[in-house]
$ cat my_file04.cif   # mmCIF, N, CA and C atoms
data_target
#
loop_
_atom_site.group_PDB
_atom_site.id
_atom_site.type_symbol
_atom_site.label_atom_id
_atom_site.label_comp_id
_atom_site.auth_asym_id
_atom_site.auth_seq_id
_atom_site.Cartn_x
_atom_site.Cartn_y
_atom_site.Cartn_z
ATOM 1 N N MET W 1 0.852 -1.176 0.000
ATOM 2 C CA MET W 1 0.000 0.000 0.000
ATOM 3 C C MET W 1 0.895 1.236 0.000
ATOM 4 N N ILE W 2 0.452 2.250 -0.705
ATOM 5 C CA ILE W 2 1.153 3.534 -0.702
ATOM 6 C C ILE W 2 0.502 4.421 0.360
ATOM 7 N N VAL W 3 1.308 4.936 1.282
ATOM 8 C CA VAL W 3 0.822 5.826 2.338
ATOM 9 C C VAL W 3 1.215 7.244 1.967
ATOM 10 N N HIS W 4 0.250 8.160 2.080
ATOM 11 C CA HIS W 4 0.485 9.572 1.768
ATOM 12 C C HIS W 4 0.500 10.364 3.066
ATOM 13 N N PRO W 5 1.674 10.556 3.670
ATOM 14 C CA PRO W 5 1.737 11.320 4.923
ATOM 15 C C PRO W 5 1.341 12.775 4.703
ATOM 16 N N HIS W 6 0.876 13.389 5.770
ATOM 17 C CA HIS W 6 0.446 14.779 5.690
ATOM 18 C C HIS W 6 1.585 15.664 5.182
ATOM 19 N N PHE W 7 2.763 15.474 5.734
ATOM 20 C CA PHE W 7 3.960 16.161 5.260
ATOM 21 C C PHE W 7 4.937 15.090 4.819
ATOM 22 N N GLY W 8 5.461 15.217 3.639
ATOM 23 C CA GLY W 8 6.459 14.248 3.205
ATOM 24 C C GLY W 8 6.074 13.561 1.913
ATOM 25 N N THR W 9 6.908 12.636 1.537
ATOM 26 C CA THR W 9 6.781 11.931 0.279
ATOM 27 C C THR W 9 5.987 10.643 0.471
ATOM 28 N N PRO W 10 5.068 10.327 -0.441
ATOM 29 C CA PRO W 10 4.379 9.035 -0.359
ATOM 30 C C PRO W 10 5.382 7.886 -0.352
ATOM 31 N N GLN W 11 5.070 6.841 0.398
ATOM 32 C CA GLN W 11 5.977 5.714 0.503
ATOM 33 C C GLN W 11 5.209 4.414 0.659
ATOM 34 N N VAL W 12 5.873 3.321 0.345
ATOM 35 C CA VAL W 12 5.269 2.000 0.478
ATOM 36 C C VAL W 12 5.263 1.618 1.955
ATOM 37 N N ALA W 13 4.143 1.078 2.417
ATOM 38 C CA ALA W 13 4.031 0.655 3.818
ATOM 39 C C ALA W 13 3.448 -0.754 3.878
ATOM 40 N N HIS W 14 3.778 -1.459 4.947
ATOM 41 C CA HIS W 14 3.236 -2.794 5.175
ATOM 42 C C HIS W 14 1.822 -2.666 5.732
ATOM 43 N N THR W 15 0.907 -3.467 5.232
ATOM 44 C CA THR W 15 -0.440 -3.487 5.790
ATOM 45 C C THR W 15 -0.696 -4.848 6.419
ATOM 46 N N HIS W 16 -1.554 -4.846 7.416
ATOM 47 C CA HIS W 16 -1.937 -6.056 8.124
ATOM 48 C C HIS W 16 -3.444 -6.009 8.326
ATOM 49 N N THR W 17 -4.081 -7.151 8.318
ATOM 50 C CA THR W 17 -5.505 -7.225 8.586
ATOM 51 C C THR W 17 -5.689 -7.819 9.976
ATOM 52 N N LEU W 18 -6.375 -7.072 10.836
ATOM 53 C CA LEU W 18 -6.516 -7.458 12.238
ATOM 54 C C LEU W 18 -7.966 -7.400 12.690
ATOM 55 N N ASP W 19 -8.268 -8.137 13.736
ATOM 56 C CA ASP W 19 -9.492 -7.921 14.495
ATOM 57 C C ASP W 19 -9.106 -6.984 15.633
ATOM 58 N N ILE W 20 -9.877 -5.918 15.819
ATOM 59 C CA ILE W 20 -9.512 -4.885 16.788
ATOM 60 C C ILE W 20 -10.642 -4.708 17.795
ATOM 61 N N LEU W 21 -10.283 -4.627 19.067
ATOM 62 C CA LEU W 21 -11.230 -4.361 20.137
ATOM 63 C C LEU W 21 -10.957 -2.956 20.657
ATOM 64 N N VAL W 22 -11.967 -2.072 20.579
ATOM 65 C CA VAL W 22 -11.864 -0.698 21.076
ATOM 66 C C VAL W 22 -12.983 -0.521 22.094
ATOM 67 N N GLY W 23 -12.615 -0.417 23.371
ATOM 68 C CA GLY W 23 -13.645 -0.379 24.411
ATOM 69 C C GLY W 23 -14.428 -1.676 24.352
ATOM 70 N N SER W 24 -15.732 -1.599 24.195
ATOM 71 C CA SER W 24 -16.566 -2.802 24.085
ATOM 72 C C SER W 24 -16.917 -3.106 22.630
ATOM 73 N N HIS W 25 -16.302 -2.419 21.691
ATOM 74 C CA HIS W 25 -16.598 -2.577 20.269
ATOM 75 C C HIS W 25 -15.549 -3.474 19.610
ATOM 76 N N ARG W 26 -16.030 -4.503 18.913
ATOM 77 C CA ARG W 26 -15.123 -5.410 18.204
ATOM 78 C C ARG W 26 -15.302 -5.201 16.703
ATOM 79 N N PHE W 27 -14.182 -5.034 16.003
ATOM 80 C CA PHE W 27 -14.186 -4.828 14.562
ATOM 81 C C PHE W 27 -13.332 -5.916 13.926
ATOM 82 N N SER W 28 -13.895 -6.596 12.942
ATOM 83 C CA SER W 28 -13.197 -7.705 12.292
ATOM 84 C C SER W 28 -12.601 -7.272 10.967
ATOM 85 N N ALA W 29 -11.460 -7.853 10.660
ATOM 86 C CA ALA W 29 -10.787 -7.687 9.371
ATOM 87 C C ALA W 29 -10.548 -6.214 9.015
ATOM 88 N N ILE W 30 -9.945 -5.470 9.943
ATOM 89 C CA ILE W 30 -9.613 -4.066 9.720
ATOM 90 C C ILE W 30 -8.183 -3.988 9.178
ATOM 91 N N GLU W 31 -8.009 -3.311 8.052
ATOM 92 C CA GLU W 31 -6.672 -3.145 7.482
ATOM 93 C C GLU W 31 -5.970 -1.972 8.168
ATOM 94 N N VAL W 32 -4.761 -2.202 8.639
ATOM 95 C CA VAL W 32 -3.974 -1.190 9.336
ATOM 96 C C VAL W 32 -2.582 -1.127 8.711
ATOM 97 N N VAL W 33 -1.872 -0.050 8.999
ATOM 98 C CA VAL W 33 -0.496 0.113 8.547
ATOM 99 C C VAL W 33 0.416 -0.132 9.730
ATOM 100 N N GLY W 34 1.472 -0.870 9.520
ATOM 101 C CA GLY W 34 2.426 -1.138 10.586
ATOM 102 C C GLY W 34 3.724 -1.641 9.997
ATOM 103 N N ASP W 35 4.618 -2.036 10.864
ATOM 104 C CA ASP W 35 5.850 -2.652 10.391
ATOM 105 C C ASP W 35 6.037 -3.983 11.084
ATOM 106 N N ASN W 36 6.997 -4.743 10.626
ATOM 107 C CA ASN W 36 7.213 -6.079 11.176
ATOM 108 C C ASN W 36 8.052 -6.069 12.444
ATOM 109 N N HIS W 37 8.508 -4.898 12.895
ATOM 110 C CA HIS W 37 9.407 -4.831 14.042
ATOM 111 C C HIS W 37 8.810 -4.097 15.234
ATOM 112 N N GLY W 38 7.969 -3.104 14.991
ATOM 113 C CA GLY W 38 7.418 -2.297 16.074
ATOM 114 C C GLY W 38 6.155 -2.912 16.661
ATOM 115 N N GLN W 39 5.627 -2.266 17.676
ATOM 116 C CA GLN W 39 4.416 -2.735 18.338
ATOM 117 C C GLN W 39 3.285 -1.722 18.209
ATOM 118 N N GLU W 40 3.400 -0.819 17.254
ATOM 119 C CA GLU W 40 2.364 0.185 17.041
ATOM 120 C C GLU W 40 1.813 0.049 15.638
ATOM 121 N N ILE W 41 0.549 0.439 15.488
ATOM 122 C CA ILE W 41 -0.080 0.432 14.177
ATOM 123 C C ILE W 41 -0.722 1.796 13.950
ATOM 124 N N ILE W 42 -1.036 2.066 12.711
ATOM 125 C CA ILE W 42 -1.791 3.261 12.358
ATOM 126 C C ILE W 42 -3.127 2.797 11.817
ATOM 127 N N VAL W 43 -4.201 3.234 12.455
ATOM 128 C CA VAL W 43 -5.530 2.929 11.946
ATOM 129 C C VAL W 43 -5.986 4.098 11.090
ATOM 130 N N GLY W 44 -6.824 3.812 10.141
ATOM 131 C CA GLY W 44 -7.282 4.850 9.219
ATOM 132 C C GLY W 44 -8.755 5.151 9.396
ATOM 133 N N ARG W 45 -9.274 5.928 8.442
ATOM 134 C CA ARG W 45 -10.683 6.315 8.471
ATOM 135 C C ARG W 45 -11.593 5.099 8.352
ATOM 136 N N ASN W 46 -11.081 3.985 7.813
ATOM 137 C CA ASN W 46 -11.886 2.779 7.714
ATOM 138 C C ASN W 46 -12.348 2.293 9.093
ATOM 139 N N LEU W 47 -11.614 2.592 10.136
ATOM 140 C CA LEU W 47 -12.024 2.276 11.504
ATOM 141 C C LEU W 47 -12.560 3.511 12.219
ATOM 142 N N LEU W 48 -11.867 4.628 12.118
ATOM 143 C CA LEU W 48 -12.247 5.832 12.861
ATOM 144 C C LEU W 48 -13.658 6.311 12.512
ATOM 145 N N ASN W 49 -14.094 6.117 11.266
ATOM 146 C CA ASN W 49 -15.436 6.547 10.871
ATOM 147 C C ASN W 49 -16.543 5.732 11.531
ATOM 148 N N LYS W 50 -16.200 4.628 12.178
ATOM 149 C CA LYS W 50 -17.189 3.774 12.846
ATOM 150 C C LYS W 50 -17.312 4.072 14.332
ATOM 151 N N LEU W 51 -16.511 5.007 14.848
ATOM 152 C CA LEU W 51 -16.446 5.267 16.284
ATOM 153 C C LEU W 51 -16.819 6.703 16.612
ATOM 154 N N VAL W 52 -17.338 6.902 17.815
ATOM 155 C CA VAL W 52 -17.506 8.236 18.382
ATOM 156 C C VAL W 52 -16.434 8.339 19.460
ATOM 157 N N LEU W 53 -15.442 9.192 19.239
ATOM 158 C CA LEU W 53 -14.271 9.263 20.107
ATOM 159 C C LEU W 53 -14.127 10.629 20.752
ATOM 160 N N LEU W 54 -13.599 10.630 21.956
ATOM 161 C CA LEU W 54 -13.135 11.852 22.605
ATOM 162 C C LEU W 54 -11.625 11.729 22.720
ATOM 163 N N LEU W 55 -10.917 12.646 22.109
ATOM 164 C CA LEU W 55 -9.461 12.711 22.226
ATOM 165 C C LEU W 55 -9.134 14.076 22.798
ATOM 166 N N ASP W 56 -8.855 14.120 24.085
ATOM 167 C CA ASP W 56 -8.597 15.377 24.793
ATOM 168 C C ASP W 56 -7.152 15.357 25.258
ATOM 169 N N GLY W 57 -6.258 15.811 24.381
ATOM 170 C CA GLY W 57 -4.827 15.796 24.675
ATOM 171 C C GLY W 57 -4.428 16.577 25.911
ATOM 172 N N PRO W 58 -4.913 17.831 26.075
ATOM 173 C CA PRO W 58 -4.497 18.612 27.233
ATOM 174 C C PRO W 58 -4.848 17.948 28.577
ATOM 175 N N HIS W 59 -5.934 17.165 28.598
ATOM 176 C CA HIS W 59 -6.332 16.495 29.842
ATOM 177 C C HIS W 59 -5.963 15.013 29.849
ATOM 178 N N ASN W 60 -5.242 14.573 28.810
ATOM 179 C CA ASN W 60 -4.785 13.189 28.704
ATOM 180 C C ASN W 60 -5.950 12.203 28.811
ATOM 181 N N LEU W 61 -7.069 12.508 28.113
ATOM 182 C CA LEU W 61 -8.256 11.663 28.141
ATOM 183 C C LEU W 61 -8.554 11.103 26.759
ATOM 184 N N THR W 62 -8.928 9.844 26.728
ATOM 185 C CA THR W 62 -9.436 9.201 25.518
ATOM 186 C C THR W 62 -10.642 8.387 25.936
ATOM 187 N N ASP W 63 -11.737 8.485 25.170
ATOM 188 C CA ASP W 63 -12.940 7.731 25.512
ATOM 189 C C ASP W 63 -13.658 7.337 24.234
ATOM 190 N N VAL W 64 -14.400 6.239 24.296
ATOM 191 C CA VAL W 64 -15.216 5.750 23.195
ATOM 192 C C VAL W 64 -16.651 5.719 23.683
ATOM 193 N N TRP W 65 -17.571 6.292 22.894
ATOM 194 C CA TRP W 65 -18.975 6.319 23.292
ATOM 195 C C TRP W 65 -19.798 5.393 22.418
ATOM 196 N N ASP W 66 -20.862 4.822 23.002
ATOM 197 C CA ASP W 66 -21.796 4.004 22.233
ATOM 198 C C ASP W 66 -22.760 4.880 21.444
ATOM 199 N N THR W 67 -23.037 6.073 21.955
ATOM 200 C CA THR W 67 -23.915 7.019 21.263
ATOM 201 C C THR W 67 -23.230 8.374 21.216
ATOM 202 N N ARG W 68 -23.665 9.186 20.306
ATOM 203 C CA ARG W 68 -23.083 10.524 20.166
ATOM 204 C C ARG W 68 -23.512 11.397 21.342
ATOM 205 N N PRO W 69 -22.574 11.953 22.089
ATOM 206 C CA PRO W 69 -22.924 12.804 23.228
ATOM 207 C C PRO W 69 -23.370 14.192 22.765
ATOM 208 N N VAL W 70 -24.101 14.854 23.617
ATOM 209 C CA VAL W 70 -24.453 16.249 23.370
ATOM 210 C C VAL W 70 -23.316 17.085 23.943
ATOM 211 N N ILE W 71 -22.688 17.877 23.103
ATOM 212 C CA ILE W 71 -21.561 18.705 23.530
ATOM 213 C C ILE W 71 -21.999 20.163 23.471
ATOM 214 N N ARG W 72 -21.901 20.827 24.594
ATOM 215 C CA ARG W 72 -22.254 22.239 24.640
ATOM 216 C C ARG W 72 -20.969 23.054 24.725
ATOM 217 N N LEU W 73 -20.775 23.879 23.715
ATOM 218 C CA LEU W 73 -19.585 24.706 23.674
ATOM 219 C C LEU W 73 -19.872 26.033 24.361
ATOM 220 N N PRO W 74 -18.892 26.595 25.063
ATOM 221 C CA PRO W 74 -19.095 27.889 25.699
ATOM 222 C C PRO W 74 -19.298 28.966 24.644
ATOM 223 N N ARG W 75 -20.135 29.927 24.960
ATOM 224 C CA ARG W 75 -20.359 31.058 24.056
ATOM 225 C C ARG W 75 -19.188 32.011 24.122
ATOM 226 N N PRO W 76 -18.817 32.577 22.959
ATOM 227 C CA PRO W 76 -17.665 33.514 22.947
ATOM 228 C C PRO W 76 -17.953 34.801 23.686
#
$ encode --input "my_file04.cif" --output "structure tokens"
Amino acid sequence: MIVHPHFGTPQVAHTHTLDILVGSHRFSAIEVVGDNHGQEIIVGRNLLNKLVLLLDGPHNLTDVWDTRPVIRLPRP
């Protein structure tokens, strides 16, 4: 597979097909990018589009929801 990084030159990457468990959600036969030596993978929109996620870096929080939460933003 050719991977197109946000910055940089497209390059060939190894892909793997995995069953992935995220919270209580199980996804079968998800294609991911990885290498044969490391222990990390990159998941793509093929998985992320199936999840409702909270990624709050400043508070070091990650959460997966079964339903879309109501988010109220502060008024400017």
$ resolve_selection --input "my_file04.cif" --expression "the PyMOL selection byres ((chain W and resi 10-15) around 5)" --output "list in words"
Met1, Ile2, Val3, His4, Gly8, Thr9, His16, Thr17, Val32, Val33 and Gly34 of chain W
$ resolve_selection --input "my_file04.cif" --expression "the PyMOL selection byres ((chain W and resi 29) around 6)" --output "MDAnalysis selection string"
chainID W and resid 17:20 27:28 30:31
$ atom_distance --input "my_file04.cif" --atom1 "atom N of Leu55 in chain W" --atom2 "atom N of Arg72 in chain W"
13.9 Å
$ atom_distance --input "my_file04.cif" --atom1 "atom C of Pro69 in chain W" --atom2 "atom N of Gly44 in chain W"
23.3 Å
$ select_by_dssp --input "my_file04.cif" --residues "chain W" --states "alpha helix (DSSP H)" --output "ChimeraX atom specification"
/W:45-48
$ atom_distance --input "my_file04.cif" --atom1 "CA of Val70 in chain W" --atom2 "CA of Pro58 in chain W"
20.5 Å
$ axis_aligned_box --input "my_file04.cif" --around "range 41-57 of chain W" --padding-each-side "4 Å" --output "lines of an AutoDock Vina configuration file"
center_x = -8.5
center_y = 8.5
center_z = 16.8
size_x = 26.1
size_y = 24.1
size_z = 26.2
$ resolve_selection --input "my_file04.cif" --expression "the PyMOL selection byres (((chain W and resi 52 and name CA) around 10) and name CA)" --output "PyMOL selection string"
chain W and resi 48-51+53-55+63-69
$ select_by_dssp --input "my_file04.cif" --residues "chain W" --states "strand (DSSP E or B)" --output "ChimeraX atom specification"
/W:2-3,11-12,14-22,25-34,41-42,52-56,61-65
$ write_last_selection --input "my_file04.cif" --atoms "N, CA and C atoms" --output "CSV table (one decimal), keeping the file's coordinate frame"
chain,number,residue,atom,x,y,z
W,2,ILE,N,0.5,2.2,-0.7
W,2,ILE,CA,1.2,3.5,-0.7
W,2,ILE,C,0.5,4.4,0.4
W,3,VAL,N,1.3,4.9,1.3
W,3,VAL,CA,0.8,5.8,2.3
W,3,VAL,C,1.2,7.2,2.0
W,11,GLN,N,5.1,6.8,0.4
W,11,GLN,CA,6.0,5.7,0.5
W,11,GLN,C,5.2,4.4,0.7
W,12,VAL,N,5.9,3.3,0.3
W,12,VAL,CA,5.3,2.0,0.5
W,12,VAL,C,5.3,1.6,2.0
W,14,HIS,N,3.8,-1.5,4.9
W,14,HIS,CA,3.2,-2.8,5.2
W,14,HIS,C,1.8,-2.7,5.7
W,15,THR,N,0.9,-3.5,5.2
W,15,THR,CA,-0.4,-3.5,5.8
W,15,THR,C,-0.7,-4.8,6.4
W,16,HIS,N,-1.6,-4.8,7.4
W,16,HIS,CA,-1.9,-6.1,8.1
W,16,HIS,C,-3.4,-6.0,8.3
W,17,THR,N,-4.1,-7.2,8.3
W,17,THR,CA,-5.5,-7.2,8.6
W,17,THR,C,-5.7,-7.8,10.0
W,18,LEU,N,-6.4,-7.1,10.8
W,18,LEU,CA,-6.5,-7.5,12.2
W,18,LEU,C,-8.0,-7.4,12.7
W,19,ASP,N,-8.3,-8.1,13.7
W,19,ASP,CA,-9.5,-7.9,14.5
W,19,ASP,C,-9.1,-7.0,15.6
W,20,ILE,N,-9.9,-5.9,15.8
W,20,ILE,CA,-9.5,-4.9,16.8
W,20,ILE,C,-10.6,-4.7,17.8
W,21,LEU,N,-10.3,-4.6,19.1
W,21,LEU,CA,-11.2,-4.4,20.1
W,21,LEU,C,-11.0,-3.0,20.7
W,22,VAL,N,-12.0,-2.1,20.6
W,22,VAL,CA,-11.9,-0.7,21.1
W,22,VAL,C,-13.0,-0.5,22.1
W,25,HIS,N,-16.3,-2.4,21.7
W,25,HIS,CA,-16.6,-2.6,20.3
W,25,HIS,C,-15.5,-3.5,19.6
W,26,ARG,N,-16.0,-4.5,18.9
W,26,ARG,CA,-15.1,-5.4,18.2
W,26,ARG,C,-15.3,-5.2,16.7
W,27,PHE,N,-14.2,-5.0,16.0
W,27,PHE,CA,-14.2,-4.8,14.6
W,27,PHE,C,-13.3,-5.9,13.9
W,28,SER,N,-13.9,-6.6,12.9
W,28,SER,CA,-13.2,-7.7,12.3
W,28,SER,C,-12.6,-7.3,11.0
W,29,ALA,N,-11.5,-7.9,10.7
W,29,ALA,CA,-10.8,-7.7,9.4
W,29,ALA,C,-10.5,-6.2,9.0
W,30,ILE,N,-9.9,-5.5,9.9
W,30,ILE,CA,-9.6,-4.1,9.7
W,30,ILE,C,-8.2,-4.0,9.2
W,31,GLU,N,-8.0,-3.3,8.1
W,31,GLU,CA,-6.7,-3.1,7.5
W,31,GLU,C,-6.0,-2.0,8.2
W,32,VAL,N,-4.8,-2.2,8.6
W,32,VAL,CA,-4.0,-1.2,9.3
W,32,VAL,C,-2.6,-1.1,8.7
W,33,VAL,N,-1.9,0.0,9.0
W,33,VAL,CA,-0.5,0.1,8.5
W,33,VAL,C,0.4,-0.1,9.7
W,34,GLY,N,1.5,-0.9,9.5
W,34,GLY,CA,2.4,-1.1,10.6
W,34,GLY,C,3.7,-1.6,10.0
W,41,ILE,N,0.5,0.4,15.5
W,41,ILE,CA,-0.1,0.4,14.2
W,41,ILE,C,-0.7,1.8,14.0
W,42,ILE,N,-1.0,2.1,12.7
W,42,ILE,CA,-1.8,3.3,12.4
W,42,ILE,C,-3.1,2.8,11.8
W,52,VAL,N,-17.3,6.9,17.8
W,52,VAL,CA,-17.5,8.2,18.4
W,52,VAL,C,-16.4,8.3,19.5
W,53,LEU,N,-15.4,9.2,19.2
W,53,LEU,CA,-14.3,9.3,20.1
W,53,LEU,C,-14.1,10.6,20.8
W,54,LEU,N,-13.6,10.6,22.0
W,54,LEU,CA,-13.1,11.9,22.6
W,54,LEU,C,-11.6,11.7,22.7
W,55,LEU,N,-10.9,12.6,22.1
W,55,LEU,CA,-9.5,12.7,22.2
W,55,LEU,C,-9.1,14.1,22.8
W,56,ASP,N,-8.9,14.1,24.1
W,56,ASP,CA,-8.6,15.4,24.8
W,56,ASP,C,-7.2,15.4,25.3
W,61,LEU,N,-7.1,12.5,28.1
W,61,LEU,CA,-8.3,11.7,28.1
W,61,LEU,C,-8.6,11.1,26.8
W,62,THR,N,-8.9,9.8,26.7
W,62,THR,CA,-9.4,9.2,25.5
W,62,THR,C,-10.6,8.4,25.9
W,63,ASP,N,-11.7,8.5,25.2
W,63,ASP,CA,-12.9,7.7,25.5
W,63,ASP,C,-13.7,7.3,24.2
W,64,VAL,N,-14.4,6.2,24.3
W,64,VAL,CA,-15.2,5.8,23.2
W,64,VAL,C,-16.7,5.7,23.7
W,65,TRP,N,-17.6,6.3,22.9
W,65,TRP,CA,-19.0,6.3,23.3
W,65,TRP,C,-19.8,5.4,22.4
$ decode --input "my_file04.cif" --residues "range 17-49 of chain W" --atoms "C-alpha atoms" --output "tab-separated table (two decimals), in the first residue's frame"
chain	number	residue	atom	x	y	z
W	17	THR	CA	-5.51	-7.22	8.59
W	18	LEU	CA	-6.52	-7.46	12.24
W	19	ASP	CA	-9.49	-7.92	14.50
W	20	ILE	CA	-9.51	-4.88	16.79
W	21	LEU	CA	-11.23	-4.36	20.14
W	22	VAL	CA	-11.86	-0.70	21.08
W	23	GLY	CA	-13.65	-0.38	24.41
W	24	SER	CA	-16.57	-2.80	24.08
W	25	HIS	CA	-16.60	-2.58	20.27
W	26	ARG	CA	-15.12	-5.41	18.20
W	27	PHE	CA	-14.19	-4.83	14.56
W	28	SER	CA	-13.20	-7.71	12.29
W	29	ALA	CA	-10.79	-7.69	9.37
W	30	ILE	CA	-9.61	-4.07	9.72
W	31	GLU	CA	-6.67	-3.14	7.48
W	32	VAL	CA	-3.97	-1.19	9.34
W	33	VAL	CA	-0.50	0.11	8.55
W	34	GLY	CA	2.43	-1.14	10.59
W	35	ASP	CA	5.85	-2.65	10.39
W	36	ASN	CA	7.21	-6.08	11.18
W	37	HIS	CA	9.41	-4.83	14.04
W	38	GLY	CA	7.42	-2.30	16.07
W	39	GLN	CA	4.42	-2.74	18.34
W	40	GLU	CA	2.36	0.18	17.04
W	41	ILE	CA	-0.08	0.43	14.18
W	42	ILE	CA	-1.79	3.26	12.36
W	43	VAL	CA	-5.53	2.93	11.95
W	44	GLY	CA	-7.28	4.85	9.22
W	45	ARG	CA	-10.68	6.31	8.47
W	46	ASN	CA	-11.89	2.78	7.71
W	47	LEU	CA	-12.02	2.28	11.50
W	48	LEU	CA	-12.25	5.83	12.86
W	49	ASN	CA	-15.44	6.55	10.87
